[in-house]
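Data block below; observations after.
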Amino acid sequence: MSYANERRIAELAIQRACLLTERVYNSQVKGTITKGDKSPVTIADFGAQALIISSIAHAFPEDSVVGEEDSSGLRADQSKRDLVWGLVKDTLDATKELTAELGKIKDDEEMLAVIDKGTHQGGSVGRIWALDPIDGTKGFLRGGQYAVCLGFMVDGKVQVGALVCPNLPVDPEKPEGEKGILLSAIRGEGATMRPLSAPSAQGTPISMSSITDFSKARFCEGVEAGHSSHSEQASIAKSLGITAPSIQMDSQAKYASISRGVGEIYLRLPTSMTYEEKIWDHAAGSLIVEEAGGVVTDIYGKELDFTQGRTLKTNKGIVAALKALHPTVLKAVQEELKVSKL
Ligand SMILES: Nc1ncnc2c1ncn2[C@@H]1O[C@H](COP(=O)(O)OS(=O)(=O)O)[C@@H](OP(=O)(O)O)[C@H]1O
Ligand SMILES: [Mg+2]
Ligand SMILES: [Mg+2]
Ligand SMILES: [Mg+2]
């Protein structure tokens with residue numbers, strides 16, 4: 001069966017949420033709260049999660065959602081709660097043409113309840129959405145790359161992925177030109193991209209770069225040294241004969257970049273063997289890369305397993321590359337990390 005309707009709702013929902021995140025991005029007030037794990041969450045993360053989950057609940061009331069955030073930070077902070085509700089309400093008022101398809105939220109109490117619909121535990125059964133309302137919150141705060149990310153899974157397999165990357169250039173050849181792209185994919189049907197400024201345009205099919213010569217290849221990695229091991233990534237790149245400097249950016253913009261041919265490889269080597277990657281950090285981006293001609297595994301060469309709950313607990317790290325390059329890249333990763341295939 002085709003999931004065209006799920007893709008359409010996913011695209012509309014993340015674009016609507018992106019109006020809110022961009023408003024916050026361009027304002028001075030980010031309303032940051034530090035979570036229990038010391039990571040930041042902003043009023044934009046909360047607002048985007050509320051808008052996207054309410055869209056899913058309106059279009060597919062039986063579905064479950066695994067979302068990154070919960071409402072506890074807002075319940076404990078009336079002024080931030082008011083700020084988020086103001087943003088959500090304004091965004092709903094500004095997009096009335098979408099209400100029939102995406103629904104709305106009646107007040108701030110309902111908004112908090114909607115945010116908490118994202119606390120599902122995930123798993124291997126049924127229709128489950130994986131939502132990262134802002135991926136790369138640190139990038140968002142420092143004015144870098146970020147992405148609004150939504151994946152749709154059936155029985156633990158990602159079938160639809162959609163990403164908005166508001167700060168990636170529409171034309172990679174013109175980095176200072178128009179910014180903002182939306183990418184999406186349906187499993188088995190390829191991946192497409194279009195500018196955010198053209199909401200009614202058909203997406204253009206995208207594919208990964210065809211460069212197979214490592215001396216001309218480029219690799220992407222995250223910005224935060226705590227999220228992936230830059231030193232090991234540099235050493236792997238060197239052993240492969242990659243000479244170009246790494247392309248560093250926050251968020252699933254890395255998956256977006258390689259899926260449209262800007263870079264051939266994305267490495268995310270663990271900095272600790274106890275950290276479990278979150279499903280919302282990879283569901284949408286990994287499907288888009290696969291549908292654009294890439295292969296995404298962990299450092300053991302294992303497929304990402306989205307059936308395990310809120311995290312990819314049976315995987316470690318990420319190795320994403322053009323199909324033709326992946327086996328060689330994986331071998332270099334394993335030699336560097338001294339891991340053997342499971
Ligand atoms: N220790 C550790 N290792 C790996 N990943 C971690 C770690 N801690 C956090 N996170 C998750 O990293 C998400 C952001 O990933 P990025 O690719 O943007 O990281 S980077 O800053 O560019 O390196 C970030 O997603 P957001 O919270 O949505 O920004 C986290 O889910
Ligand atoms: Mg994230
Ligand atoms: Mg996030
Ligand atoms: Mg976060």
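Each chain in the structure tokens gets a letter, A, B, ..., in the order shown, and its residues are numbered from 1; ligands are numbered from 1 in order too.
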**Request:** Would you mind listing the residues within 12 Å of ligand 2, counting only C-alpha atoms and all ligand atoms, as a ChimeraX atom specification?
**Result:** /A:39-41,45,67-69,130-140,145-150,163,222,227,250-253,277-285,311
**Asked** Within 10 Å of Ile288 in chain A, counting only C-alpha atoms, which residues qualify if same-chain residues fewer than 5 places away don't, as a PyMOL selection string?
**Response** chain A and resi 151+160-163+183-187+190-193+206-207+255-256+258-260+282-283+293-294
Those selected residues, please, written with C-alpha atoms and delivered as a PDB file, in the first residue's frame.
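That gives us out-v5.pdb:
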ATOM      1  CA  GLY A 151       8.999   9.667  10.474  1.00  0.00           C
ATOM      2  CA  VAL A 160       7.561   7.670   5.379  1.00  0.00           C
ATOM      3  CA  GLY A 161      10.091  10.348   6.300  1.00  0.00           C
ATOM      4  CA  ALA A 162       9.799  14.121   6.048  1.00  0.00           C
ATOM      5  CA  LEU A 163      12.310  16.823   7.002  1.00  0.00           C
ATOM      6  CA  LEU A 183      12.606  16.634   1.759  1.00  0.00           C
ATOM      7  CA  SER A 184      10.452  13.554   1.970  1.00  0.00           C
ATOM      8  CA  ALA A 185      10.343   9.909   1.002  1.00  0.00           C
ATOM      9  CA  ILE A 186       8.011   6.952   0.901  1.00  0.00           C
ATOM     10  CA  ARG A 187       9.702   3.550   1.172  1.00  0.00           C
ATOM     11  CA  GLY A 190      12.187   7.425  -3.900  1.00  0.00           C
ATOM     12  CA  ALA A 191      12.968  10.729  -2.216  1.00  0.00           C
ATOM     13  CA  THR A 192      12.082  14.243  -3.305  1.00  0.00           C
ATOM     14  CA  MET A 193      12.942  17.803  -2.387  1.00  0.00           C
ATOM     15  CA  ILE A 206      16.821  13.572  -5.472  1.00  0.00           C
ATOM     16  CA  SER A 207      19.682  11.123  -5.495  1.00  0.00           C
ATOM     17  CA  TYR A 255      21.115  13.212   6.125  1.00  0.00           C
ATOM     18  CA  ALA A 256      19.427  15.867   3.948  1.00  0.00           C
ATOM     19  CA  ILE A 258      24.086  13.621   1.508  1.00  0.00           C
ATOM     20  CA  SER A 259      20.704  12.596   0.093  1.00  0.00           C
ATOM     21  CA  ARG A 260      20.891  15.468  -2.384  1.00  0.00           C
ATOM     22  CA  HIS A 282      17.153   9.018  12.610  1.00  0.00           C
ATOM     23  CA  ALA A 283      13.752   7.777  11.368  1.00  0.00           C
ATOM     24  CA  GLY A 293      20.452   5.536  -3.121  1.00  0.00           C
ATOM     25  CA  GLY A 294      22.333   5.268   0.143  1.00  0.00           C
TER      26      GLY A 294
END
**Prompt:** Which residue out of A:Thr212, A:Thr328, A:Thr243, A:Thr42 has the minimum interatomic distance to ligand 1 when only C-alpha atoms and all ligand atoms are used?
**Reply:** A:Thr42
**Phe306 in chain A surroundings by only C-alpha atoms, 9 Å radius, close-in-sequence under 4 positions cut, as JSON, numbers by chain** = {"A": [122, 123, 124, 153, 155, 156, 157, 158, 279, 283, 310, 311, 312, 313]}
Residues from the last selection, N, CA and C atoms, saved as a PDB file, in the first residue's frame:
ATOM      1  N   GLY A 122       6.789   3.440  21.856  1.00  0.00           N
ATOM      2  CA  GLY A 122       7.270   2.871  20.591  1.00  0.00           C
ATOM      3  C   GLY A 122       7.156   1.362  20.582  1.00  0.00           C
ATOM      4  N   GLY A 123       7.894   0.713  19.674  1.00  0.00           N
ATOM      5  CA  GLY A 123       7.849  -0.752  19.647  1.00  0.00           C
ATOM      6  C   GLY A 123       7.637  -1.300  18.247  1.00  0.00           C
ATOM      7  N   SER A 124       7.306  -2.579  18.205  1.00  0.00           N
ATOM      8  CA  SER A 124       7.298  -3.296  16.924  1.00  0.00           C
ATOM      9  C   SER A 124       5.903  -3.491  16.352  1.00  0.00           C
ATOM     10  N   MET A 153       6.176   4.983  11.018  1.00  0.00           N
ATOM     11  CA  MET A 153       6.587   3.577  11.029  1.00  0.00           C
ATOM     12  C   MET A 153       5.365   2.671  11.107  1.00  0.00           C
ATOM     13  N   ASP A 155       4.729  -1.270  12.153  1.00  0.00           N
ATOM     14  CA  ASP A 155       5.353  -2.446  12.759  1.00  0.00           C
ATOM     15  C   ASP A 155       6.881  -2.291  12.847  1.00  0.00           C
ATOM     16  N   GLY A 156       7.302  -1.109  13.228  1.00  0.00           N
ATOM     17  CA  GLY A 156       8.727  -0.867  13.484  1.00  0.00           C
ATOM     18  C   GLY A 156       9.571  -0.630  12.253  1.00  0.00           C
ATOM     19  N   LYS A 157       8.938  -0.489  11.086  1.00  0.00           N
ATOM     20  CA  LYS A 157       9.710  -0.192   9.874  1.00  0.00           C
ATOM     21  C   LYS A 157       9.303   1.195   9.389  1.00  0.00           C
ATOM     22  N   VAL A 158      10.300   2.037   9.121  1.00  0.00           N
ATOM     23  CA  VAL A 158       9.979   3.403   8.672  1.00  0.00           C
ATOM     24  C   VAL A 158       9.444   3.333   7.241  1.00  0.00           C
ATOM     25  N   ILE A 279      15.092   7.283  18.353  1.00  0.00           N
ATOM     26  CA  ILE A 279      14.511   6.963  17.037  1.00  0.00           C
ATOM     27  C   ILE A 279      14.159   8.229  16.261  1.00  0.00           C
ATOM     28  N   ALA A 283      14.801   8.439  12.169  1.00  0.00           N
ATOM     29  CA  ALA A 283      13.752   7.777  11.368  1.00  0.00           C
ATOM     30  C   ALA A 283      13.603   8.444  10.002  1.00  0.00           C
ATOM     31  N   ARG A 310      11.801   3.678  22.290  1.00  0.00           N
ATOM     32  CA  ARG A 310      12.128   5.073  21.984  1.00  0.00           C
ATOM     33  C   ARG A 310      13.574   5.251  21.513  1.00  0.00           C
ATOM     34  N   THR A 311      14.399   4.261  21.746  1.00  0.00           N
ATOM     35  CA  THR A 311      15.803   4.370  21.317  1.00  0.00           C
ATOM     36  C   THR A 311      16.167   3.221  20.380  1.00  0.00           C
ATOM     37  N   LEU A 312      17.308   3.421  19.698  1.00  0.00           N
ATOM     38  CA  LEU A 312      17.852   2.350  18.844  1.00  0.00           C
ATOM     39  C   LEU A 312      18.789   1.539  19.737  1.00  0.00           C
ATOM     40  N   LYS A 313      18.215   0.838  20.711  1.00  0.00           N
ATOM     41  CA  LYS A 313      19.086   0.285  21.762  1.00  0.00           C
ATOM     42  C   LYS A 313      19.964  -0.852  21.290  1.00  0.00           C
TER      43      LYS A 313
END
**Item:** helix (DSSP H, G or I) call set, DSSP backbone run, range 252-324 of chain A, as an MDAnalysis selection string
**Value:** chainID A and resid 253:259 279:281 283:291
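Computed from the coordinates, the atom 4 (C, counted along the ligand's line) of ligand 1 to CA of Met273 in chain A distance equals 10.2 Å.
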**Message:** So that I can check the surroundings of range 228-240 of chain A, please list as a ChimeraX atom specification every protein, DNA and RNA residue that reaches within 12 Å of it, counting only C-alpha atoms and ignoring chain neighbours fewer than 4 positions away.
**Reply:** /A:212-224,244-250,264-273,275,277,299,316-319,325-338
Give me a file of those residues, with N, CA and C atoms, as a short mmCIF file (atom, residue, chain, number, x, y, z; two decimals), in the first residue's frame.
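again_0.cif, freshly written:
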data_model
loop_
_atom_site.label_atom_id
_atom_site.label_comp_id
_atom_site.auth_asym_id
_atom_site.auth_seq_id
_atom_site.Cartn_x
_atom_site.Cartn_y
_atom_site.Cartn_z
N THR A 212 32.59 8.06 -6.52
CA THR A 212 33.04 6.85 -5.82
C THR A 212 34.55 6.89 -5.54
N ASP A 213 35.17 7.98 -5.96
CA ASP A 213 36.61 8.13 -5.75
C ASP A 213 36.81 8.87 -4.42
N PHE A 214 37.37 8.15 -3.43
CA PHE A 214 37.47 8.76 -2.10
C PHE A 214 38.29 10.06 -2.09
N SER A 215 39.19 10.19 -3.05
CA SER A 215 40.00 11.42 -3.03
C SER A 215 39.14 12.63 -3.40
N LYS A 216 37.95 12.36 -3.96
CA LYS A 216 37.05 13.49 -4.29
C LYS A 216 35.84 13.52 -3.36
N ALA A 217 35.75 12.54 -2.46
CA ALA A 217 34.55 12.43 -1.61
C ALA A 217 34.61 13.36 -0.41
N ARG A 218 33.42 13.68 0.11
CA ARG A 218 33.33 14.56 1.30
C ARG A 218 32.50 13.85 2.37
N PHE A 219 32.87 14.06 3.63
CA PHE A 219 32.03 13.45 4.67
C PHE A 219 31.45 14.49 5.61
N CYS A 220 30.23 14.20 6.07
CA CYS A 220 29.52 15.09 7.00
C CYS A 220 29.65 14.53 8.41
N GLU A 221 29.67 15.43 9.36
CA GLU A 221 29.65 15.04 10.76
C GLU A 221 28.97 16.15 11.56
N GLY A 222 28.60 15.81 12.81
CA GLY A 222 27.95 16.79 13.66
C GLY A 222 28.92 17.85 14.16
N VAL A 223 28.37 18.87 14.77
CA VAL A 223 29.20 19.97 15.28
C VAL A 223 29.68 19.67 16.69
N GLU A 224 28.80 19.06 17.49
CA GLU A 224 29.10 18.84 18.91
C GLU A 224 30.06 17.67 19.09
N ALA A 244 39.21 16.26 1.45
CA ALA A 244 38.40 17.46 1.72
C ALA A 244 38.12 17.56 3.22
N PRO A 245 38.07 18.79 3.75
CA PRO A 245 37.72 18.93 5.17
C PRO A 245 36.29 18.45 5.41
N SER A 246 36.02 18.02 6.64
CA SER A 246 34.66 17.51 6.91
C SER A 246 33.65 18.65 6.79
N ILE A 247 32.41 18.27 6.41
CA ILE A 247 31.32 19.24 6.39
C ILE A 247 30.60 19.08 7.72
N GLN A 248 30.76 20.08 8.59
CA GLN A 248 30.16 19.97 9.93
C GLN A 248 28.84 20.71 9.97
N MET A 249 27.80 20.04 10.40
CA MET A 249 26.52 20.74 10.62
C MET A 249 25.69 20.00 11.64
N ASP A 250 24.81 20.75 12.30
CA ASP A 250 23.92 20.17 13.29
C ASP A 250 22.75 19.48 12.60
N GLU A 264 29.18 12.61 0.48
CA GLU A 264 28.90 11.21 0.12
C GLU A 264 28.73 10.33 1.35
N ILE A 265 29.20 10.81 2.50
CA ILE A 265 29.29 9.96 3.70
C ILE A 265 28.84 10.78 4.92
N TYR A 266 28.13 10.12 5.83
CA TYR A 266 27.82 10.74 7.14
C TYR A 266 28.27 9.77 8.22
N LEU A 267 29.19 10.23 9.06
CA LEU A 267 29.68 9.38 10.15
C LEU A 267 29.25 9.95 11.49
N ARG A 268 28.74 9.08 12.35
CA ARG A 268 28.36 9.46 13.71
C ARG A 268 28.86 8.35 14.64
N LEU A 269 30.12 8.45 14.98
CA LEU A 269 30.71 7.39 15.81
C LEU A 269 30.49 7.71 17.27
N PRO A 270 30.09 6.70 18.04
CA PRO A 270 29.73 6.96 19.44
C PRO A 270 30.90 7.52 20.25
N THR A 271 30.55 8.44 21.16
CA THR A 271 31.57 8.92 22.09
C THR A 271 31.51 8.12 23.39
N SER A 272 30.38 7.41 23.56
CA SER A 272 30.28 6.55 24.74
C SER A 272 29.49 5.31 24.33
N MET A 273 29.84 4.15 24.85
CA MET A 273 29.15 2.93 24.44
C MET A 273 27.83 2.78 25.20
N TYR A 275 25.47 5.48 25.39
CA TYR A 275 24.44 6.35 24.82
C TYR A 275 23.61 5.56 23.79
N GLU A 277 21.07 5.98 20.71
CA GLU A 277 20.52 6.94 19.76
C GLU A 277 18.99 6.90 19.83
N ILE A 299 27.67 1.04 13.41
CA ILE A 299 29.10 0.74 13.24
C ILE A 299 29.37 -0.76 13.06
N LYS A 316 24.68 0.91 17.53
CA LYS A 316 25.65 1.89 18.04
C LYS A 316 26.17 2.72 16.87
N GLY A 317 26.06 4.03 17.00
CA GLY A 317 26.59 4.94 15.99
C GLY A 317 25.87 4.82 14.65
N ILE A 318 26.31 5.63 13.69
CA ILE A 318 25.69 5.66 12.36
C ILE A 318 26.79 5.73 11.31
N VAL A 319 26.63 4.89 10.27
CA VAL A 319 27.50 4.96 9.10
C VAL A 319 26.57 5.02 7.88
N LEU A 325 29.88 2.93 -1.86
CA LEU A 325 30.99 3.23 -0.94
C LEU A 325 30.83 2.57 0.42
N HIS A 326 29.61 2.21 0.77
CA HIS A 326 29.33 1.82 2.15
C HIS A 326 30.21 0.67 2.67
N PRO A 327 30.39 -0.42 1.88
CA PRO A 327 31.20 -1.52 2.44
C PRO A 327 32.62 -1.08 2.79
N THR A 328 33.22 -0.25 1.96
CA THR A 328 34.59 0.20 2.23
C THR A 328 34.62 1.14 3.44
N VAL A 329 33.63 2.01 3.52
CA VAL A 329 33.57 2.94 4.66
C VAL A 329 33.39 2.15 5.96
N LEU A 330 32.49 1.16 5.92
CA LEU A 330 32.22 0.36 7.12
C LEU A 330 33.49 -0.37 7.57
N LYS A 331 34.22 -0.91 6.60
CA LYS A 331 35.46 -1.63 6.94
C LYS A 331 36.44 -0.68 7.62
N ALA A 332 36.55 0.52 7.09
CA ALA A 332 37.47 1.51 7.70
C ALA A 332 37.01 1.88 9.11
N VAL A 333 35.70 1.99 9.29
CA VAL A 333 35.16 2.30 10.63
C VAL A 333 35.53 1.19 11.60
N GLN A 334 35.33 -0.03 11.15
CA GLN A 334 35.57 -1.17 12.05
C GLN A 334 37.05 -1.33 12.35
N GLU A 335 37.89 -1.05 11.36
CA GLU A 335 39.33 -1.12 11.63
C GLU A 335 39.74 -0.06 12.66
N GLU A 336 39.16 1.14 12.51
CA GLU A 336 39.48 2.23 13.44
C GLU A 336 39.00 1.89 14.85
N LEU A 337 37.78 1.36 14.93
CA LEU A 337 37.20 1.11 16.25
C LEU A 337 37.52 -0.27 16.80
N LYS A 338 38.17 -1.10 15.95
CA LYS A 338 38.49 -2.49 16.33
C LYS A 338 37.23 -3.27 16.72
#
**Message:** Which residues are near Ile105 in chain A? Cut-off 10 Å, only C-alpha atoms, ignore same chain within fewer than 2 positions. Put them as a PyMOL selection string.
**Reply:** chain A and resi 50-51+54-55+85+88-89+92+99+103+107-112+114
Using only C-alpha atoms, please write the residues we just selected to a file, as an mmCIF file, in the first residue's frame.
data_model
loop_
_atom_site.group_PDB
_atom_site.id
_atom_site.type_symbol
_atom_site.label_atom_id
_atom_site.label_comp_id
_atom_site.auth_asym_id
_atom_site.auth_seq_id
_atom_site.Cartn_x
_atom_site.Cartn_y
_atom_site.Cartn_z
ATOM 1 C CA ALA A 50 2.144 20.588 19.941
ATOM 2 C CA LEU A 51 1.300 21.625 16.374
ATOM 3 C CA SER A 54 -2.299 17.780 16.917
ATOM 4 C CA SER A 55 -2.049 17.436 13.106
ATOM 5 C CA TRP A 85 0.518 29.088 23.721
ATOM 6 C CA VAL A 88 0.816 28.173 18.787
ATOM 7 C CA LYS A 89 -2.333 30.280 18.675
ATOM 8 C CA LEU A 92 -3.001 28.455 13.956
ATOM 9 C CA THR A 99 -7.462 23.749 9.764
ATOM 10 C CA GLY A 103 -7.151 20.583 12.941
ATOM 11 C CA ASP A 107 -6.534 26.315 24.623
ATOM 12 C CA ASP A 108 -3.303 25.990 26.570
ATOM 13 C CA GLU A 109 -4.554 23.058 28.669
ATOM 14 C CA GLU A 110 -5.299 21.101 25.507
ATOM 15 C CA MET A 111 -1.886 22.122 24.161
ATOM 16 C CA LEU A 112 -0.114 20.546 27.150
ATOM 17 C CA VAL A 114 -1.322 17.212 23.071
#
**Message:** I need the residue nearest Thr32 in chain A from this list: A:Asn315, A:Gln121, A:Ser79, A:Thr95. Use only C-alpha atoms for the distance.
**Reply:** A:Ser79
**Prompt:** How many Å separate CA of Gly203 in chain A from CA of Arg7 in chain A?
**Reply:** 11.9 Å
**Message:** Given only C-alpha atoms as the basis, pick out the residue of A:Ser209, A:Ser197, A:Ser72, A:Gln49 nearest to Pro166 in chain A.
**Reply:** A:Ser197
**Request:** Report as an MDAnalysis selection string: the residues of range 119-288 of chain A with a DSSP assignment of strand (DSSP E), based on the backbone of this structure.
**Result:** chainID A and resid 127:135 147:154 157:169 179:186 191:195 204:206 219:221 247:248 265:268
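Minimum atom-to-atom distance to Asp77 in chain A, evaluated using only C-alpha atoms, belongs to A:Gly31 out of A:Pro169, A:Cys18, A:Trp129, A:Gly31.
Proximity ranking of A:Leu98, A:Leu141, A:His58, A:Ser64 relative to ligand 3 places A:Leu141 first, based on only C-alpha atoms and all ligand atoms.
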